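K.L.:
Have a look at the structure that comes next, please.
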Amino acid sequence: MNGTLLLGWRNIWRNRRRTLISMSAIGVGLFLVVFYSGIVGGLLGNAKNELDNAGMGHVEVFAKGYRPKRDVAATLAAFPERAALQLPADAELGTRVLARGLATSAHGSEAIQLNGVDFAAESLLSAHLRQVKQGALPVDGDGKGVLVGEELATRLNLKVGGKLRLMVQRADTEMGADLFRVRGVFHSIAPSIGQRQVYVSQAAARELLGLSAATHQAVIQLSDPVQADAVAARLKVTLGEGYEVLTWAELVPVLKRMEAFTDTVVFFLAMFVYLLVGLGVLNTMLMSVLERTREFGVLLALGTRPARIVRLVIAESFWIATLSVVVGAAAGALLTWHFSQSGFHITGGGESFQLEGATIGTLVKTRFNPWDVVRAASFVYVMALIVGIYPATRITRLQPAEALRRT
Amino acid sequence: MPTVEVQNVTRVYEEKGMPPAQALRGVSLSVEKGEFMALAGPSGSGKTTLLNIIGGIDAATSGEVRVDGQALSGLSRAALADLRRDRIGFVFQAYNLVPVLTAAENAEYVLQLKGVPAAERRARVKDVFERMGLGRFLDSRPLKMSGGQQQRVAVARAIVADPAVVLADEPTANLDQRTGAELMDLMHGLNRERGTTFIFSSHDPMVLSRAQRVVRLVDGELERAEVRGP
């Protein structure tokens with residue numbers, strides 16, 4: 001081993017307790033930054049990536065004029081085929097016929113949101129369609145089958161095979177109603193979805209609404225939400241006037257605000273921790289160096305150049321930083337990785353909470369990004385080395401004889 | 001050419017709020033190669049200050065010092081460090097070995113600074129240690145050694161790189177009489193065998209009695225030089 005590094009290594013163990021405390025401060029600080037970033041990244045990532053908890057898209061398209069009043073007459077009449085939309089290859093696309101209405105059973109009535117869907121496509125867009133707890137999804141061509149949530153089934157005392165009457169306002173403003181049979185009951189992590197959302201085939205929904213071949217909403221889910229702006233921009237060009245194209249940030253602005261807020265919180269938390277770590281290392285190195293002033297005087301007297309003294313002190317910072325960064329980063333990375341696989345619940349009780357229209361699952365899987373770990377570790381590492389320079393330069397400013405006089 | 005030449009050196013210490021303290025007043029001195037010379041004088045007479053200035057670890061307020069023909073004034077800190085590394089050995093009153101290094105590593109340190117390869121360093125240190133009766137302490141840590149043993153290691157560290165002059169500031173002050181006498185005999189032996197110039201300070205008559213020449217300082221001034229036989 002290089003002589004300076006070897007001497008630095010031995011020097012840091014002169015006061016084992018102080019060194020271990022400093023290392024712990026750095027390691028724990030880095031651990032906290034890595035793990036907290038993972039939690040926040042995971043929380044936001046879940047919210048953005050798992051919009052299918054609420055059946056939302058990263059990009060949604062409506063006919064102009066539909067959204068303000070939910071006007072069922074405003075349809076995506078000439079919505080192009082997927083190939084013309086230039087979507088990323090792994091994007092999921094589905095269309096829905098939408099209507100507000102009333103569901104009535106022998107037990108009572110409830111306000112509902114009717115969704116006319118292609119069940120195969122919709123099950124990729126809405127997580128709850130993959131959570132059918134009783135019965136099954138209605139099959140292709142089933143014009144009288146309906147899928148309801150557990151909460152609605154409970155309120156209306158519905159069983160698989162039971163009858164449910166759906167009533168909506170048609171496109172011609174008349175009332176339309178028909179009798180359906182419950183084919184399946186789904187579970188959603190959001191009780192409001194289980195209570196409100198009702199699914200039938202698109203053909204059945206159109207017939208109920210008196211529409212020909214149109215839909216109201218196109219939903220696009222992306223593997224990477226960051227692509228949303230670019231996809232939306234392309235769609236606006238492709239579709240032209242007559243369509244309203246919205247990204248997740250516009251549909252659920254609270255998520256965007258949360259992202260900016262948590263980015264700021266993480267930034268200041270990281271700066272705060274880094275500052276504490278830096279002061280901790282500085283304090284340790286200052287104490288360690290100043291109490292050895294006489295010894296540095298000896299090394300200078302023996303012919304050590306001042307620059308070598310600086311290198312020696314930095315070597316001590318190097319070892320303290322290396323050991324603590326490796327342990328802190330490894331612990332942070334390991335725990336972040338562990339919870340990225342298994343996740344953990346952030347609140348007691350339910351499986352989700354609603355935040356201004358966004359359904360956020362309470363099972364948070366941390367975001368494990370090795371680059372986050374490397375970035376935080378590098379920052380702490382470089383800072384620990386830099387703060388080591390100051391104590392070293394204090395020593396080298398002294399005449400060797402003056403340093404030798406210090407006790 | 002003298003190994004050490006001191007010409008009209010003064011040293012004034014100035015501290016804020018304190019009257020200036022004159023440690024050396026126009027001291028001139030010449031030390032020939034191979035001399036075994038003592039600086040005598042009571043505490044505060046300027047012995048340590050003169051040794052520090054000769055060794056380039058303190059700067060004279062005025063006057064000039066030459067070591068092995070090299071003037072010290074005007075040298076940068078790095079150049080002074082190189083000069084100390086190449087031409088000067090130090091022995092301190094309190095031994096001042098680096099506690100985290102073994103005895104051999106302490107002595108090797110100066111050779112390492114000079115860029116001597118590891119194998120040669122080890123061989124040279126082993127040779128010097130064995131000549132000085134320190135062979136079994138090569139891998140001992142300083143704090144496990146007695147004061148006398150530590151000071152012998154300090155002498156080994158001072159001479160291992162073959163400096164032009166060894167400066168020893170009260171080398172026996174922390175040792176008992178017998179150990180001090182043994183150390184002086186050791187240093188004198190090295191002086192005779194290797195021709196290394198030694199300048200040491202002391203006010204101990206036993207130490208001074210071993211010097212070829214005694215230079216006495218009183219209140220920062222050279223009082224008189226006393227020449228003794230070899």
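Residue numbers start at 1 in each chain; chains themselves are named A, B, ... in the order of the structure tokens; ligands are numbered from 1 in the order shown.
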Do you have, as a Markdown table, the list of residues of chain A lying at most 9 Å from chain B, each with its nearest atom pair and that distance in Å to one decimal, counting only C-alpha atoms and ordered by chain then number?
P.N.:
| residue | atom | partner | partner_atom | distance |
| --- | --- | --- | --- | --- |
| A:Gly3 | CA | B:Gln112 | CA | 8.0 |
| A:Leu7 | CA | B:Val100 | CA | 7.5 |
| A:Arg10 | CA | B:Val100 | CA | 6.1 |
| A:Asn11 | CA | B:Val100 | CA | 6.6 |
| A:Arg14 | CA | B:Val100 | CA | 7.7 |
| A:Arg294 | CA | B:Asn96 | CA | 8.4 |
| A:Glu295 | CA | B:Val98 | CA | 7.0 |
| A:Gly297 | CA | B:Ile57 | CA | 8.8 |
| A:Val298 | CA | B:Asn96 | CA | 6.8 |
| A:Leu299 | CA | B:Val98 | CA | 8.6 |
| A:Leu300 | CA | B:Ala81 | CA | 6.8 |
| A:Ala301 | CA | B:Ile57 | CA | 6.2 |
| A:Leu302 | CA | B:Arg85 | CA | 5.7 |
| A:Gly303 | CA | B:Arg85 | CA | 4.0 |
| A:Thr304 | CA | B:Ala81 | CA | 5.9 |
| A:Arg305 | CA | B:Ala78 | CA | 5.3 |
| A:Pro306 | CA | B:Ala78 | CA | 6.8 |
| A:Ala307 | CA | B:Ala78 | CA | 8.2 |
| A:Gln399 | CA | B:Asp58 | CA | 6.2 |
| A:Pro400 | CA | B:Ile57 | CA | 5.0 |
| A:Ala401 | CA | B:Ile57 | CA | 5.2 |
| A:Glu402 | CA | B:Asp58 | CA | 7.7 |
K.L.:
Deliver the residues from the most recent selection as a file, using C-alpha atoms, as a tab-separated table (two decimals), in the first residue's frame.
P.N.:
chain	number	residue	atom	x	y	z
A	3	GLY	CA	3.01	4.94	2.35
A	7	LEU	CA	-0.05	6.02	7.52
A	10	ARG	CA	-3.24	3.69	10.92
A	11	ASN	CA	-3.88	7.25	12.02
A	14	ARG	CA	-5.67	6.09	16.94
A	294	ARG	CA	3.54	18.46	17.30
A	295	GLU	CA	3.75	15.22	15.33
A	297	GLY	CA	5.96	19.40	13.16
A	298	VAL	CA	8.22	16.35	13.47
A	299	LEU	CA	7.24	15.10	10.02
A	300	LEU	CA	7.94	18.56	8.57
A	301	ALA	CA	11.31	18.67	10.38
A	302	LEU	CA	12.24	15.29	8.91
A	303	GLY	CA	11.81	16.74	5.44
A	304	THR	CA	8.15	16.12	4.61
A	305	ARG	CA	6.93	18.67	2.11
A	306	PRO	CA	3.78	20.60	3.13
A	307	ALA	CA	1.93	19.12	0.17
A	399	GLN	CA	6.72	26.89	10.87
A	400	PRO	CA	7.86	23.37	11.84
A	401	ALA	CA	9.50	24.78	15.00
A	402	GLU	CA	6.22	26.42	15.99
K.L.:
Pick out the residues sitting within 9 Å of Leu276 (chain A), and hand them over as a count of residues only; count only C-alpha atoms, and ignore anything fewer than 3 positions along from it in its own chain.
P.N.:
9
K.L.:
Please report the interatomic distance between CA of Ala99 (chain A) and CA of Asp142 (chain A) in Å with one decimal.
P.N.:
19.1 Å
K.L.:
I'd like the neighbourhood of Ala181 (chain B) as an mmCIF file with C-alpha atoms, in the first residue's frame, where a residue qualifies if any of its atoms comes within 9 Å (using only C-alpha atoms), though same-chain residues fewer than 4 positions away should be ignored.
P.N.:
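In the end it all went to around01.cif:
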data_model
loop_
_atom_site.group_PDB
_atom_site.id
_atom_site.type_symbol
_atom_site.label_atom_id
_atom_site.label_comp_id
_atom_site.auth_asym_id
_atom_site.auth_seq_id
_atom_site.Cartn_x
_atom_site.Cartn_y
_atom_site.Cartn_z
ATOM 1 C CA THR B 172 19.455 13.020 27.072
ATOM 2 C CA ASP B 176 18.415 8.682 33.353
ATOM 3 C CA GLN B 177 22.158 9.289 33.786
ATOM 4 C CA ASP B 185 28.591 7.045 23.587
ATOM 5 C CA LEU B 186 26.437 5.716 20.774
ATOM 6 C CA MET B 206 28.201 14.551 31.560
ATOM 7 C CA VAL B 207 26.959 15.268 28.044
#
K.L.:
With distances taken over only C-alpha atoms, which of B:Val215, B:His203, B:Val155, B:Glu130 is nearest to Leu190 (chain B)?
P.N.:
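That would be B:Val155, the residue with the smallest distance to Leu190 (chain B).
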K.L.:
Identify, with DSSP run on backbone atoms, the residues in region 77-206 of chain B assigned to strand (DSSP E), and express the list as a PyMOL selection string.
P.N.:
chain B and resi 88-91+165-169+197-202
K.L.:
Store the residues picked out above in a file with C-alpha atoms, as an mmCIF file, in the first residue's frame.
P.N.:
data_model
loop_
_atom_site.group_PDB
_atom_site.id
_atom_site.type_symbol
_atom_site.label_atom_id
_atom_site.label_comp_id
_atom_site.auth_asym_id
_atom_site.auth_seq_id
_atom_site.Cartn_x
_atom_site.Cartn_y
_atom_site.Cartn_z
ATOM 1 C CA ILE B 88 19.920 17.231 8.151
ATOM 2 C CA GLY B 89 18.966 14.704 10.800
ATOM 3 C CA PHE B 90 17.021 15.650 13.921
ATOM 4 C CA VAL B 91 16.976 14.117 17.402
ATOM 5 C CA VAL B 165 24.714 17.104 10.088
ATOM 6 C CA VAL B 166 22.659 15.691 12.950
ATOM 7 C CA LEU B 167 21.035 18.265 15.250
ATOM 8 C CA ALA B 168 20.136 16.896 18.682
ATOM 9 C CA ASP B 169 18.201 19.151 21.044
ATOM 10 C CA THR B 197 28.739 15.958 12.074
ATOM 11 C CA PHE B 198 26.785 16.214 15.342
ATOM 12 C CA ILE B 199 25.609 19.415 17.024
ATOM 13 C CA PHE B 200 23.759 18.859 20.256
ATOM 14 C CA SER B 201 22.497 21.105 22.992
ATOM 15 C CA SER B 202 22.633 20.373 26.694
#
K.L.:
Could you give me, as an MDAnalysis selection string, the residues within 10 Å of region 35-42 of chain B, counting only C-alpha atoms and dropping anything in the same chain fewer than 2 positions from it?
P.N.:
chainID B and resid 2:3 31:33 44:48 50:51 165:170 187:188 191:192 195:205 207:220 222:223 225:228 230
K.L.:
For the residues in the current selection, export C-alpha atoms as a short mmCIF file (atom, residue, chain, number, x, y, z; two decimals), in the first residue's frame.
P.N.:
data_model
loop_
_atom_site.label_atom_id
_atom_site.label_comp_id
_atom_site.auth_asym_id
_atom_site.auth_seq_id
_atom_site.Cartn_x
_atom_site.Cartn_y
_atom_site.Cartn_z
CA PRO B 2 32.35 24.21 6.94
CA THR B 3 29.33 21.89 7.20
CA VAL B 31 31.10 23.86 12.40
CA GLU B 32 33.51 21.70 10.41
CA LYS B 33 32.68 18.36 8.87
CA GLY B 44 16.25 30.20 27.63
CA SER B 45 19.77 30.99 26.42
CA GLY B 46 18.84 30.34 22.77
CA LYS B 47 20.24 26.81 22.23
CA THR B 48 17.03 25.35 20.79
CA LEU B 50 19.90 28.27 17.19
CA LEU B 51 19.49 24.54 16.43
CA VAL B 165 24.71 17.10 10.09
CA VAL B 166 22.66 15.69 12.95
CA LEU B 167 21.04 18.27 15.25
CA ALA B 168 20.14 16.90 18.68
CA ASP B 169 18.20 19.15 21.04
CA GLU B 170 18.82 18.04 24.64
CA MET B 187 26.26 9.11 19.06
CA HIS B 188 29.97 9.65 19.50
CA ASN B 191 30.35 10.35 14.65
CA ARG B 192 33.69 8.56 14.58
CA GLY B 195 32.15 10.95 10.04
CA THR B 196 28.68 12.45 10.60
CA THR B 197 28.74 15.96 12.07
CA PHE B 198 26.79 16.21 15.34
CA ILE B 199 25.61 19.41 17.02
CA PHE B 200 23.76 18.86 20.26
CA SER B 201 22.50 21.10 22.99
CA SER B 202 22.63 20.37 26.69
CA HIS B 203 23.40 21.81 30.06
CA ASP B 204 24.34 18.41 31.52
CA PRO B 205 28.10 18.27 32.41
CA VAL B 207 26.96 15.27 28.04
CA LEU B 208 29.17 18.31 27.57
CA SER B 209 32.22 16.36 28.73
CA ARG B 210 31.87 14.11 25.68
CA ALA B 211 31.91 16.96 23.15
CA GLN B 212 34.96 17.87 21.09
CA ARG B 213 33.97 21.48 21.37
CA VAL B 214 31.52 23.30 23.58
CA VAL B 215 29.97 26.58 22.49
CA ARG B 216 28.28 28.45 25.31
CA LEU B 217 25.26 30.68 24.80
CA VAL B 218 24.03 33.15 27.38
CA ASP B 219 21.01 35.36 26.73
CA GLY B 220 21.21 34.66 23.02
CA LEU B 222 27.88 33.43 22.11
CA GLU B 223 29.97 33.64 25.26
CA ALA B 225 34.17 28.48 22.69
CA GLU B 226 35.97 25.75 24.55
CA VAL B 227 37.91 23.20 22.60
CA ARG B 228 38.50 19.78 24.04
CA PRO B 230 38.72 14.16 20.57
#
